[in-house]
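J.: Just dropping this structure here.
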Amino acid sequence: MKTQNKVMGGHVLLTIFTLCMLCSGVRAQLSPGIYDKSCPYLVQIVRKQVTMALKAEIRMAASLIRLHFHDCFVNGCDASVLLDGADSEKLSIPNANSARGFEVVDTIKDAVENACPGVVSCADILTLAARESVYLTGGPMWRVALGRKDGLVANQSSANNLPSPFEPLDAIIAKFQAVGLNVTDVVALSGAHTFGQAKCDLFRNRLFNFTGQGSPDATLETTLLSDLRTVCPTGGNGNVTAPLDRNSTDVFDNNYFKNLLQGKGLLSSDQILFSSDLAVNTTKRLVEAYSQSQSLFFRDFTCSMIRMGGIMNPVNGSSGEVRKKCRVINN
């Protein structure tokens, strides 16, 4: 595992955090130091547990970031994605038999509760776990605003409306804008596809009959197309996976954007950031910039993660709680 190779100095961390806070809708109630006295070893506990999880399965890093993304886009970052029940977001189309990492979050929560019972929310734990997943695989470090409360309800219908890999670029941009994010956030957060895997069901439409005329997606590089057809043949198992970034599968870097310039984006929603007509005046220049400068990508990704952490004003006070167990609300 590539660890701690892109750590920023404390002053730079503070400067970026302050800049992003000023440019975002993060609530004033959220603060990186909110648990300094009530749970002083919180970050160390989360880092230890995430490190153990990644040693067991490095793919878990990407899964934890995806879980955080899917949480924040529904009801804000309130850990609603972790709840079980009839309306569970786990049962939504984007998450069913797809979202992973729930057991890891449970383990982290148990460790935190053992040290600081009733203090730290599952929402904050998931947010920290996502940051650690980036950092421990070679990505940037940033200060996480904390103090969220856990939501009391899930929202399966909203989870069914998460940005989809099958949607055109304008629809994806609109969904980001609907939660207060912008085009830069679309591209920067898509860069999390620099690691992890995707199921054949999410991209097989590109391989054989993308246009309805029996032809594959013309923007897909031919060697990659041939390889993917072997992995995901017509009528094959849709749960088989392929790496989102085959050149640096388990490392958080800017190689994802270099792939897009070569037609090697795995999902349609990846490649359209560079190859679609709409991209010319929206996302293409950012893709090119990030492909040339990893530091620029890391900076913008950091700011986008902080902004995403403030989507729809995270619940606090009387509208939320600190769950004892992340899968159920307190009695």
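Within each chain, counting starts at residue 1; across the structure tokens, chains are named A, B, ... in the order shown, with ligands numbered 1 upward in that order.
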Listing only residues of range 115-164 of chain A within 10 Å of range 294-301 of chain A, what is the closest atom pair and its distance in Å (to one decimal) for each, using only C-alpha atoms, sorted by chain and residue number ascending, as a tab-separated table?
T.:
residue	atom	partner	partner_atom	distance
A:Gly139	CA	A:Phe298	CA	7.1
A:Pro140	CA	A:Phe298	CA	6.0
A:Met141	CA	A:Phe298	CA	9.0
A:Trp142	CA	A:Arg299	CA	9.5
J.: How about saving the chosen residues, all heavy atoms kept, as a PDB file, in the first residue's frame?
T.:
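Final output, saved to selection33.pdb:
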ATOM      1  N   GLY A 139      -3.188   9.746  -1.720  1.00  0.00           N
ATOM      2  CA  GLY A 139      -3.835  11.008  -2.026  1.00  0.00           C
ATOM      3  C   GLY A 139      -3.574  12.083  -0.999  1.00  0.00           C
ATOM      4  O   GLY A 139      -2.770  11.908  -0.078  1.00  0.00           O
ATOM      5  N   PRO A 140      -4.258  13.214  -1.127  1.00  0.00           N
ATOM      6  CA  PRO A 140      -4.012  14.358  -0.249  1.00  0.00           C
ATOM      7  C   PRO A 140      -4.596  14.161   1.143  1.00  0.00           C
ATOM      8  O   PRO A 140      -5.488  13.350   1.359  1.00  0.00           O
ATOM      9  CB  PRO A 140      -4.718  15.500  -0.975  1.00  0.00           C
ATOM     10  CG  PRO A 140      -5.837  14.836  -1.720  1.00  0.00           C
ATOM     11  CD  PRO A 140      -5.271  13.508  -2.159  1.00  0.00           C
ATOM     12  N   MET A 141      -4.090  14.938   2.083  1.00  0.00           N
ATOM     13  CA  MET A 141      -4.628  15.033   3.429  1.00  0.00           C
ATOM     14  C   MET A 141      -5.340  16.382   3.564  1.00  0.00           C
ATOM     15  O   MET A 141      -4.889  17.378   3.001  1.00  0.00           O
ATOM     16  CB  MET A 141      -3.492  14.910   4.450  1.00  0.00           C
ATOM     17  CG  MET A 141      -3.871  15.285   5.876  1.00  0.00           C
ATOM     18  SD  MET A 141      -5.151  14.233   6.561  1.00  0.00           S
ATOM     19  CE  MET A 141      -4.227  12.724   6.806  1.00  0.00           C
ATOM     20  N   TRP A 142      -6.449  16.400   4.262  1.00  0.00           N
ATOM     21  CA  TRP A 142      -7.116  17.665   4.544  1.00  0.00           C
ATOM     22  C   TRP A 142      -7.804  17.568   5.894  1.00  0.00           C
ATOM     23  O   TRP A 142      -8.055  16.487   6.407  1.00  0.00           O
ATOM     24  CB  TRP A 142      -8.116  18.031   3.450  1.00  0.00           C
ATOM     25  CG  TRP A 142      -9.301  17.113   3.325  1.00  0.00           C
ATOM     26  CD1 TRP A 142     -10.526  17.252   3.918  1.00  0.00           C
ATOM     27  CD2 TRP A 142      -9.378  15.912   2.532  1.00  0.00           C
ATOM     28  NE1 TRP A 142     -11.364  16.217   3.552  1.00  0.00           N
ATOM     29  CE2 TRP A 142     -10.676  15.379   2.705  1.00  0.00           C
ATOM     30  CE3 TRP A 142      -8.477  15.247   1.701  1.00  0.00           C
ATOM     31  CZ2 TRP A 142     -11.096  14.205   2.071  1.00  0.00           C
ATOM     32  CZ3 TRP A 142      -8.888  14.082   1.086  1.00  0.00           C
ATOM     33  CH2 TRP A 142     -10.177  13.578   1.265  1.00  0.00           C
TER      34      TRP A 142
END
J.: Between range 264-316 of chain A and range 174-194 of chain A, at 9 Å or less, what are the per-residue closest atom pairs and their distances in Å? Count only C-alpha atoms, order by chain and rising residue number, and return it as JSON lines.
T.:
{"residue": "A:Ser269", "atom": "CA", "partner": "A:Ser190", "partner_atom": "CA", "distance": 8.8}
{"residue": "A:Asp270", "atom": "CA", "partner": "A:Ser190", "partner_atom": "CA", "distance": 7.2}
{"residue": "A:Leu273", "atom": "CA", "partner": "A:Val187", "partner_atom": "CA", "distance": 7.2}
{"residue": "A:Thr282", "atom": "CA", "partner": "A:Val183", "partner_atom": "CA", "distance": 7.0}
{"residue": "A:Thr283", "atom": "CA", "partner": "A:Val187", "partner_atom": "CA", "distance": 6.6}
{"residue": "A:Lys284", "atom": "CA", "partner": "A:Val187", "partner_atom": "CA", "distance": 9.0}
{"residue": "A:Leu286", "atom": "CA", "partner": "A:Val187", "partner_atom": "CA", "distance": 7.0}
{"residue": "A:Val287", "atom": "CA", "partner": "A:Val187", "partner_atom": "CA", "distance": 7.0}
{"residue": "A:Tyr290", "atom": "CA", "partner": "A:Ala188", "partner_atom": "CA", "distance": 8.4}
{"residue": "A:Phe297", "atom": "CA", "partner": "A:Ala188", "partner_atom": "CA", "distance": 6.6}
{"residue": "A:Phe298", "atom": "CA", "partner": "A:Ala188", "partner_atom": "CA", "distance": 8.3}
{"residue": "A:Asp300", "atom": "CA", "partner": "A:Ala188", "partner_atom": "CA", "distance": 6.1}
{"residue": "A:Phe301", "atom": "CA", "partner": "A:Ala188", "partner_atom": "CA", "distance": 4.9}
{"residue": "A:Thr302", "atom": "CA", "partner": "A:Ala188", "partner_atom": "CA", "distance": 8.6}
{"residue": "A:Cys303", "atom": "CA", "partner": "A:Asp185", "partner_atom": "CA", "distance": 8.4}
{"residue": "A:Ser304", "atom": "CA", "partner": "A:Asp185", "partner_atom": "CA", "distance": 5.3}
{"residue": "A:Met305", "atom": "CA", "partner": "A:Leu189", "partner_atom": "CA", "distance": 7.3}
{"residue": "A:Arg307", "atom": "CA", "partner": "A:Leu181", "partner_atom": "CA", "distance": 7.4}
{"residue": "A:Met308", "atom": "CA", "partner": "A:Leu181", "partner_atom": "CA", "distance": 7.3}
{"residue": "A:Ile311", "atom": "CA", "partner": "A:Val179", "partner_atom": "CA", "distance": 6.0}
{"residue": "A:Met312", "atom": "CA", "partner": "A:Val179", "partner_atom": "CA", "distance": 6.4}
J.: Residues at most 12 Å from Phe252 in chain A, counting only C-alpha atoms, excluding those fewer than 3 positions away in the same chain, as a compact mmCIF listing (two decimals) with all heavy atoms, in the first residue's frame?
T.:
# COMPACT_ATOMS: atom_id res chain seq x y z
N MET A 1 0.83 -1.19 0.00
CA MET A 1 0.00 0.00 0.00
C MET A 1 0.87 1.25 0.00
O MET A 1 1.82 1.36 0.77
CB MET A 1 -0.89 -0.01 1.24
CG MET A 1 -1.99 1.03 1.22
SD MET A 1 -2.80 1.13 2.83
CE MET A 1 -2.97 -0.59 3.22
N LYS A 2 0.53 2.21 -0.82
CA LYS A 2 1.29 3.44 -0.88
C LYS A 2 0.73 4.38 0.19
O LYS A 2 -0.40 4.82 0.10
CB LYS A 2 1.14 4.06 -2.27
CG LYS A 2 2.01 5.29 -2.52
CD LYS A 2 1.80 5.75 -3.95
CE LYS A 2 2.63 6.95 -4.28
NZ LYS A 2 2.40 7.43 -5.63
N THR A 3 1.50 4.72 1.21
CA THR A 3 0.97 5.49 2.31
C THR A 3 1.77 6.75 2.56
O THR A 3 2.99 6.80 2.43
CB THR A 3 0.95 4.66 3.62
OG1 THR A 3 2.29 4.30 3.94
CG2 THR A 3 0.10 3.43 3.46
N GLN A 4 1.04 7.79 2.96
CA GLN A 4 1.61 9.00 3.52
C GLN A 4 2.67 9.63 2.61
O GLN A 4 3.64 10.21 3.10
CB GLN A 4 2.20 8.71 4.91
CG GLN A 4 1.17 8.14 5.86
CD GLN A 4 1.71 7.98 7.27
OE1 GLN A 4 2.79 8.42 7.56
NE2 GLN A 4 0.94 7.37 8.13
N ASN A 5 2.46 9.55 1.30
CA ASN A 5 3.48 10.11 0.42
C ASN A 5 3.08 11.46 -0.15
O ASN A 5 3.82 12.05 -0.90
CB ASN A 5 3.75 9.14 -0.74
CG ASN A 5 2.54 8.91 -1.60
OD1 ASN A 5 1.41 9.01 -1.13
ND2 ASN A 5 2.76 8.58 -2.85
N LYS A 6 1.90 11.93 0.23
CA LYS A 6 1.45 13.20 -0.28
C LYS A 6 0.92 14.09 0.85
O LYS A 6 -0.03 14.83 0.68
CB LYS A 6 0.35 13.00 -1.34
CG LYS A 6 0.85 12.34 -2.63
CD LYS A 6 1.75 13.26 -3.38
CE LYS A 6 2.25 12.63 -4.66
NZ LYS A 6 3.15 13.50 -5.41
N ILE A 58 -7.63 -3.94 -0.27
CA ILE A 58 -7.30 -2.58 -0.68
C ILE A 58 -8.45 -1.91 -1.41
O ILE A 58 -8.61 -0.69 -1.36
CB ILE A 58 -6.02 -2.59 -1.56
CG1 ILE A 58 -5.53 -1.16 -1.81
CG2 ILE A 58 -6.24 -3.34 -2.85
CD1 ILE A 58 -5.12 -0.42 -0.57
N ARG A 59 -9.30 -2.68 -2.08
CA ARG A 59 -10.44 -2.11 -2.79
C ARG A 59 -11.39 -1.36 -1.86
O ARG A 59 -12.16 -0.51 -2.30
CB ARG A 59 -11.19 -3.24 -3.52
CG ARG A 59 -12.41 -2.79 -4.30
CD ARG A 59 -13.18 -3.98 -4.84
NE ARG A 59 -14.46 -3.59 -5.40
CZ ARG A 59 -15.44 -4.43 -5.67
NH1 ARG A 59 -15.27 -5.73 -5.45
NH2 ARG A 59 -16.58 -4.00 -6.16
N ALA A 61 -10.91 0.99 0.08
CA ALA A 61 -10.71 2.44 0.06
C ALA A 61 -11.72 3.11 -0.86
O ALA A 61 -12.40 4.08 -0.48
CB ALA A 61 -9.28 2.77 -0.38
N ALA A 62 -11.83 2.60 -2.07
CA ALA A 62 -12.78 3.16 -3.03
C ALA A 62 -14.22 2.96 -2.55
O ALA A 62 -15.08 3.83 -2.76
CB ALA A 62 -12.58 2.52 -4.40
N ILE A 65 -15.18 5.66 0.06
CA ILE A 65 -15.43 6.97 -0.54
C ILE A 65 -16.78 6.98 -1.24
O ILE A 65 -17.56 7.94 -1.13
CB ILE A 65 -14.31 7.33 -1.54
CG1 ILE A 65 -13.01 7.56 -0.81
CG2 ILE A 65 -14.69 8.57 -2.34
CD1 ILE A 65 -11.86 7.88 -1.72
N ARG A 131 -11.85 10.23 4.09
CA ARG A 131 -10.59 10.99 4.02
C ARG A 131 -9.39 10.07 4.20
O ARG A 131 -8.40 10.16 3.45
CB ARG A 131 -10.61 12.08 5.09
CG ARG A 131 -9.50 13.14 4.97
CD ARG A 131 -8.19 12.77 5.63
NE ARG A 131 -8.29 12.42 7.03
CZ ARG A 131 -8.27 13.29 8.05
NH1 ARG A 131 -8.15 14.58 7.82
NH2 ARG A 131 -8.35 12.85 9.30
N GLU A 132 -9.46 9.17 5.18
CA GLU A 132 -8.35 8.26 5.43
C GLU A 132 -8.11 7.33 4.24
O GLU A 132 -6.97 6.98 3.93
CB GLU A 132 -8.60 7.44 6.69
CG GLU A 132 -8.61 8.27 7.97
CD GLU A 132 -7.32 9.05 8.18
OE1 GLU A 132 -6.24 8.47 7.97
OE2 GLU A 132 -7.40 10.24 8.54
N SER A 133 -9.19 6.93 3.57
CA SER A 133 -9.06 6.05 2.41
C SER A 133 -8.26 6.72 1.29
O SER A 133 -7.47 6.07 0.60
CB SER A 133 -10.45 5.65 1.90
OG SER A 133 -11.12 4.85 2.85
N VAL A 134 -8.47 8.01 1.12
CA VAL A 134 -7.71 8.77 0.13
C VAL A 134 -6.25 8.89 0.56
O VAL A 134 -5.32 8.59 -0.20
CB VAL A 134 -8.33 10.17 -0.07
CG1 VAL A 134 -7.43 11.04 -0.95
CG2 VAL A 134 -9.72 10.05 -0.69
N TYR A 135 -6.06 9.32 1.79
CA TYR A 135 -4.72 9.58 2.31
C TYR A 135 -3.85 8.32 2.32
O TYR A 135 -2.68 8.36 1.92
CB TYR A 135 -4.86 10.15 3.72
CG TYR A 135 -3.58 10.29 4.50
CD1 TYR A 135 -2.54 11.09 4.04
CD2 TYR A 135 -3.43 9.64 5.72
CE1 TYR A 135 -1.37 11.23 4.77
CE2 TYR A 135 -2.27 9.78 6.46
CZ TYR A 135 -1.24 10.57 5.99
OH TYR A 135 -0.10 10.69 6.72
N LEU A 136 -4.41 7.22 2.75
CA LEU A 136 -3.63 5.99 2.91
C LEU A 136 -3.31 5.30 1.58
O LEU A 136 -2.52 4.36 1.55
CB LEU A 136 -4.37 5.01 3.82
CG LEU A 136 -4.48 5.44 5.29
CD1 LEU A 136 -5.42 4.51 6.05
CD2 LEU A 136 -3.10 5.48 5.96
N THR A 137 -3.89 5.77 0.49
CA THR A 137 -3.60 5.21 -0.83
C THR A 137 -2.83 6.19 -1.71
O THR A 137 -2.74 6.01 -2.92
CB THR A 137 -4.89 4.77 -1.54
OG1 THR A 137 -5.84 5.85 -1.52
CG2 THR A 137 -5.51 3.56 -0.86
N GLY A 138 -2.26 7.23 -1.10
CA GLY A 138 -1.39 8.13 -1.83
C GLY A 138 -1.96 9.48 -2.14
O GLY A 138 -1.30 10.31 -2.76
N GLY A 139 -3.19 9.75 -1.72
CA GLY A 139 -3.84 11.01 -2.03
C GLY A 139 -3.57 12.08 -1.00
O GLY A 139 -2.77 11.91 -0.08
N PRO A 140 -4.26 13.21 -1.13
CA PRO A 140 -4.01 14.36 -0.25
C PRO A 140 -4.60 14.16 1.14
O PRO A 140 -5.49 13.35 1.36
CB PRO A 140 -4.72 15.50 -0.98
CG PRO A 140 -5.84 14.84 -1.72
CD PRO A 140 -5.27 13.51 -2.16
N MET A 141 -4.09 14.94 2.08
CA MET A 141 -4.63 15.03 3.43
C MET A 141 -5.34 16.38 3.56
O MET A 141 -4.89 17.38 3.00
CB MET A 141 -3.49 14.91 4.45
CG MET A 141 -3.87 15.28 5.88
SD MET A 141 -5.15 14.23 6.56
CE MET A 141 -4.23 12.72 6.81
N GLY A 191 -12.80 12.12 -10.12
CA GLY A 191 -11.44 11.64 -10.01
C GLY A 191 -11.25 10.56 -8.95
O GLY A 191 -10.21 9.89 -8.93
N ALA A 192 -12.23 10.36 -8.08
CA ALA A 192 -12.18 9.25 -7.12
C ALA A 192 -12.24 7.91 -7.84
O ALA A 192 -11.94 6.87 -7.24
CB ALA A 192 -13.32 9.36 -6.10
N HIS A 193 -12.60 7.92 -9.12
CA HIS A 193 -12.56 6.70 -9.93
C HIS A 193 -11.12 6.36 -10.35
O HIS A 193 -10.92 5.52 -11.21
CB HIS A 193 -13.45 6.84 -11.16
CG HIS A 193 -14.90 6.75 -10.84
ND1 HIS A 193 -15.90 6.91 -11.78
CD2 HIS A 193 -15.55 6.50 -9.67
CE1 HIS A 193 -17.08 6.78 -11.21
NE2 HIS A 193 -16.89 6.53 -9.93
N THR A 194 -10.15 7.00 -9.73
CA THR A 194 -8.76 6.65 -9.94
C THR A 194 -8.41 5.32 -9.29
O THR A 194 -7.33 4.78 -9.52
CB THR A 194 -7.82 7.74 -9.39
OG1 THR A 194 -6.47 7.44 -9.73
CG2 THR A 194 -7.92 7.86 -7.88
N PHE A 195 -9.33 4.79 -8.47
CA PHE A 195 -9.15 3.44 -7.94
C PHE A 195 -10.52 2.79 -7.77
O PHE A 195 -11.55 3.42 -7.96
CB PHE A 195 -8.33 3.40 -6.66
CG PHE A 195 -8.82 4.23 -5.50
CD1 PHE A 195 -10.03 4.89 -5.51
CD2 PHE A 195 -8.05 4.34 -4.35
CE1 PHE A 195 -10.46 5.63 -4.43
CE2 PHE A 195 -8.47 5.07 -3.25
CZ PHE A 195 -9.68 5.72 -3.30
N GLY A 196 -10.52 1.50 -7.46
CA GLY A 196 -11.76 0.78 -7.31
C GLY A 196 -12.15 -0.02 -8.54
O GLY A 196 -11.42 -0.06 -9.54
N LEU A 244 -11.51 0.54 -12.52
CA LEU A 244 -11.85 1.84 -13.08
C LEU A 244 -10.62 2.53 -13.67
O LEU A 244 -10.72 3.29 -14.64
CB LEU A 244 -12.47 2.73 -11.99
CG LEU A 244 -13.90 2.35 -11.59
CD1 LEU A 244 -14.23 2.87 -10.21
CD2 LEU A 244 -14.91 2.87 -12.61
N ASP A 245 -9.46 2.25 -13.10
CA ASP A 245 -8.20 2.80 -13.60
C ASP A 245 -7.20 1.65 -13.64
O ASP A 245 -6.56 1.31 -12.65
CB ASP A 245 -7.71 3.92 -12.67
CG ASP A 245 -6.34 4.47 -13.07
OD1 ASP A 245 -5.77 3.99 -14.06
OD2 ASP A 245 -5.86 5.38 -12.38
N ASN A 247 -4.32 1.22 -14.87
CA ASN A 247 -2.88 1.48 -14.81
C ASN A 247 -2.38 1.75 -13.39
O ASN A 247 -1.19 1.63 -13.13
CB ASN A 247 -2.51 2.65 -15.71
CG ASN A 247 -2.71 2.31 -17.18
OD1 ASN A 247 -2.48 1.18 -17.59
ND2 ASN A 247 -3.15 3.28 -17.97
N SER A 248 -3.27 2.15 -12.51
CA SER A 248 -2.89 2.35 -11.09
C SER A 248 -4.12 2.03 -10.25
O SER A 248 -4.70 2.90 -9.62
CB SER A 248 -2.38 3.76 -10.83
OG SER A 248 -3.34 4.74 -11.18
N THR A 249 -4.48 0.77 -10.25
CA THR A 249 -5.76 0.31 -9.73
C THR A 249 -6.00 0.67 -8.28
O THR A 249 -7.13 1.01 -7.90
CB THR A 249 -5.86 -1.23 -9.87
OG1 THR A 249 -5.62 -1.57 -11.24
CG2 THR A 249 -7.23 -1.73 -9.47
N ASN A 255 -4.03 9.57 -12.61
CA ASN A 255 -3.96 8.74 -13.81
C ASN A 255 -5.34 8.58 -14.48
O ASN A 255 -5.43 8.39 -15.69
CB ASN A 255 -3.38 7.37 -13.48
CG ASN A 255 -2.89 6.64 -14.72
OD1 ASN A 255 -1.91 7.06 -15.33
ND2 ASN A 255 -3.59 5.58 -15.10
N TYR A 256 -6.40 8.65 -13.68
CA TYR A 256 -7.76 8.59 -14.21
C TYR A 256 -7.96 9.59 -15.34
O TYR A 256 -8.54 9.27 -16.38
CB TYR A 256 -8.74 8.84 -13.06
CG TYR A 256 -10.16 9.18 -13.46
CD1 TYR A 256 -11.08 8.18 -13.76
CD2 TYR A 256 -10.59 10.50 -13.51
CE1 TYR A 256 -12.40 8.50 -14.09
CE2 TYR A 256 -11.89 10.82 -13.84
CZ TYR A 256 -12.79 9.83 -14.13
OH TYR A 256 -14.09 10.14 -14.47
N PHE A 257 -7.47 10.79 -15.15
CA PHE A 257 -7.66 11.85 -16.15
C PHE A 257 -6.79 11.61 -17.38
O PHE A 257 -7.20 11.92 -18.50
CB PHE A 257 -7.38 13.21 -15.52
CG PHE A 257 -8.32 13.55 -14.39
CD1 PHE A 257 -7.90 13.45 -13.08
CD2 PHE A 257 -9.63 13.91 -14.65
CE1 PHE A 257 -8.77 13.73 -12.03
CE2 PHE A 257 -10.50 14.20 -13.63
CZ PHE A 257 -10.07 14.10 -12.31
N GLN A 294 -1.09 16.82 -11.03
CA GLN A 294 -1.68 16.08 -9.92
C GLN A 294 -1.93 16.99 -8.72
O GLN A 294 -2.93 16.83 -8.01
CB GLN A 294 -0.77 14.92 -9.52
CG GLN A 294 -1.34 14.06 -8.40
CD GLN A 294 -0.63 12.74 -8.29
OE1 GLN A 294 -0.96 11.80 -9.01
NE2 GLN A 294 0.34 12.63 -7.40
N PHE A 297 -5.22 18.74 -9.22
CA PHE A 297 -6.31 17.80 -8.96
C PHE A 297 -6.49 17.59 -7.46
O PHE A 297 -7.61 17.65 -6.94
CB PHE A 297 -6.04 16.47 -9.66
CG PHE A 297 -6.90 15.34 -9.16
CD1 PHE A 297 -8.28 15.48 -9.05
CD2 PHE A 297 -6.32 14.12 -8.77
CE1 PHE A 297 -9.08 14.42 -8.57
CE2 PHE A 297 -7.09 13.09 -8.30
CZ PHE A 297 -8.47 13.23 -8.19
N PHE A 298 -5.40 17.36 -6.75
CA PHE A 298 -5.49 17.13 -5.30
C PHE A 298 -6.10 18.34 -4.59
O PHE A 298 -6.91 18.20 -3.69
CB PHE A 298 -4.11 16.84 -4.72
CG PHE A 298 -3.64 15.41 -4.92
CD1 PHE A 298 -4.34 14.53 -5.73
CD2 PHE A 298 -2.49 14.96 -4.31
CE1 PHE A 298 -3.91 13.22 -5.92
CE2 PHE A 298 -2.05 13.65 -4.48
CZ PHE A 298 -2.76 12.78 -5.29
N PHE A 301 -9.83 18.45 -5.56
CA PHE A 301 -10.53 17.32 -4.95
C PHE A 301 -10.75 17.57 -3.47
O PHE A 301 -11.84 17.31 -2.93
CB PHE A 301 -9.72 16.04 -5.15
CG PHE A 301 -10.38 14.82 -4.55
CD1 PHE A 301 -11.39 14.15 -5.22
CD2 PHE A 301 -9.99 14.35 -3.29
CE1 PHE A 301 -12.00 13.03 -4.66
CE2 PHE A 301 -10.59 13.23 -2.73
CZ PHE A 301 -11.60 12.58 -3.41
J.: Find the residues around range 152-159 of chain A up to 7 Å (only C-alpha atoms counted), leave out those fewer than 6 positions away in its own chain, and share them as a compact mmCIF listing (two decimals) with N, CA and C atoms, in the first residue's frame.
T.:
# COMPACT_ATOMS: atom_id res chain seq x y z
N VAL A 74 -27.85 12.27 -0.49
CA VAL A 74 -29.22 11.97 -0.05
C VAL A 74 -29.38 12.47 1.38
N SER A 80 -27.50 8.45 6.71
CA SER A 80 -28.76 7.77 6.39
C SER A 80 -28.51 6.53 5.53
N VAL A 81 -27.42 6.53 4.77
CA VAL A 81 -27.11 5.38 3.91
C VAL A 81 -26.78 4.14 4.74
N LEU A 83 -28.43 3.14 7.47
CA LEU A 83 -29.59 2.61 8.17
C LEU A 83 -30.18 1.38 7.48
N ASP A 87 -37.23 1.15 4.22
CA ASP A 87 -36.92 2.28 3.32
C ASP A 87 -35.41 2.50 3.21
N SER A 88 -34.64 1.49 3.55
CA SER A 88 -33.18 1.63 3.56
C SER A 88 -32.64 2.04 2.20
N GLU A 89 -31.72 2.99 2.22
CA GLU A 89 -31.05 3.39 0.99
C GLU A 89 -30.16 2.27 0.45
N SER A 92 -31.80 0.67 -2.53
CA SER A 92 -32.04 1.45 -3.75
C SER A 92 -31.29 0.82 -4.92
N GLY A 320 -31.26 15.63 14.84
CA GLY A 320 -30.46 14.43 14.67
C GLY A 320 -30.01 13.88 16.00
N ILE A 329 -31.51 3.68 14.45
CA ILE A 329 -31.61 4.87 15.31
C ILE A 329 -31.71 4.40 16.76
J.: Would you work out the distance separating CA of Gly236 in chain A from CA of Pro216 in chain A, expressed in Å to one decimal?
T.: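 CA of Pro216 in chain A lies at a distance of 16.7 Å from CA of Gly236 in chain A.
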J.: Quick one: pick out all strand (DSSP E) residues within range 94-243 of chain A from a backbone DSSP run and write them as a PDB file with all heavy atoms, in the first residue's frame.
T.:
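Once everything was written out, this is out-v9.pdb:
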ATOM      1  N   GLN A 197     -13.288  -0.659  -8.452  1.00  0.00           N
ATOM      2  CA  GLN A 197     -13.786  -1.547  -9.499  1.00  0.00           C
ATOM      3  C   GLN A 197     -15.219  -1.178  -9.869  1.00  0.00           C
ATOM      4  O   GLN A 197     -15.929  -0.559  -9.087  1.00  0.00           O
ATOM      5  CB  GLN A 197     -13.765  -3.002  -8.997  1.00  0.00           C
ATOM      6  CG  GLN A 197     -12.427  -3.484  -8.480  1.00  0.00           C
ATOM      7  CD  GLN A 197     -11.565  -4.065  -9.571  1.00  0.00           C
ATOM      8  OE1 GLN A 197     -12.066  -4.654 -10.532  1.00  0.00           O
ATOM      9  NE2 GLN A 197     -10.255  -3.929  -9.431  1.00  0.00           N
ATOM     10  N   ALA A 198     -15.634  -1.577 -11.053  1.00  0.00           N
ATOM     11  CA  ALA A 198     -17.021  -1.409 -11.481  1.00  0.00           C
ATOM     12  C   ALA A 198     -17.523  -2.706 -12.102  1.00  0.00           C
ATOM     13  O   ALA A 198     -16.756  -3.428 -12.754  1.00  0.00           O
ATOM     14  CB  ALA A 198     -17.154  -0.266 -12.486  1.00  0.00           C
ATOM     15  N   LYS A 199     -18.780  -3.000 -11.883  1.00  0.00           N
ATOM     16  CA  LYS A 199     -19.373  -4.231 -12.412  1.00  0.00           C
ATOM     17  C   LYS A 199     -19.649  -4.118 -13.904  1.00  0.00           C
ATOM     18  O   LYS A 199     -19.940  -3.031 -14.425  1.00  0.00           O
ATOM     19  CB  LYS A 199     -20.669  -4.544 -11.667  1.00  0.00           C
ATOM     20  CG  LYS A 199     -20.474  -4.889 -10.212  1.00  0.00           C
ATOM     21  CD  LYS A 199     -21.801  -5.255  -9.556  1.00  0.00           C
ATOM     22  CE  LYS A 199     -21.612  -5.674  -8.110  1.00  0.00           C
ATOM     23  NZ  LYS A 199     -22.871  -6.088  -7.475  1.00  0.00           N
ATOM     24  N   THR A 241     -16.188  -7.781 -12.159  1.00  0.00           N
ATOM     25  CA  THR A 241     -15.718  -6.398 -12.104  1.00  0.00           C
ATOM     26  C   THR A 241     -14.460  -6.172 -12.943  1.00  0.00           C
ATOM     27  O   THR A 241     -13.719  -7.104 -13.248  1.00  0.00           O
ATOM     28  CB  THR A 241     -15.412  -5.973 -10.653  1.00  0.00           C
ATOM     29  OG1 THR A 241     -14.347  -6.778 -10.138  1.00  0.00           O
ATOM     30  CG2 THR A 241     -16.642  -6.112  -9.777  1.00  0.00           C
ATOM     31  N   ALA A 242     -14.267  -4.919 -13.294  1.00  0.00           N
ATOM     32  CA  ALA A 242     -13.050  -4.470 -13.977  1.00  0.00           C
ATOM     33  C   ALA A 242     -12.573  -3.206 -13.270  1.00  0.00           C
ATOM     34  O   ALA A 242     -13.376  -2.454 -12.716  1.00  0.00           O
ATOM     35  CB  ALA A 242     -13.332  -4.184 -15.450  1.00  0.00           C
ATOM     36  N   PRO A 243     -11.265  -2.935 -13.266  1.00  0.00           N
ATOM     37  CA  PRO A 243     -10.756  -1.742 -12.582  1.00  0.00           C
ATOM     38  C   PRO A 243     -11.156  -0.458 -13.299  1.00  0.00           C
ATOM     39  O   PRO A 243     -11.127  -0.388 -14.524  1.00  0.00           O
ATOM     40  CB  PRO A 243      -9.234  -1.940 -12.598  1.00  0.00           C
ATOM     41  CG  PRO A 243      -8.979  -2.883 -13.728  1.00  0.00           C
ATOM     42  CD  PRO A 243     -10.181  -3.777 -13.808  1.00  0.00           C
TER      43      PRO A 243
END
J.: Run DSSP on the backbone and grab whatever in range 126-261 of chain A lands in alpha helix (DSSP H); send it over as a ChimeraX atom specification.
T.: /A:126-135,156-159,169-178,183-190,222-231,255-261
J.: Figure out the distance between CA of Gly265 in chain A and CA of Asp227 in chain A, please, to one decimal in Å.
T.: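 Atom-to-atom, CA of Asp227 in chain A to CA of Gly265 in chain A, that is 13.2 Å.
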J.: For CA of Ala96 in chain A and CA of Asn161 in chain A, determine how far apart the two atoms are, in Å to one decimal place.
T.: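 Calculated distance between CA of Ala96 in chain A and CA of Asn161 in chain A is 13.4 Å.
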J.: Skipping near chain neighbours, those fewer than 4 positions away, what residues fall within 12 Å of Asp201 in chain A using only C-alpha atoms, listed as a PyMOL selection string?
T.: chain A and resi 94+97-98+165-166+197+205-207+228+231-242+266-268
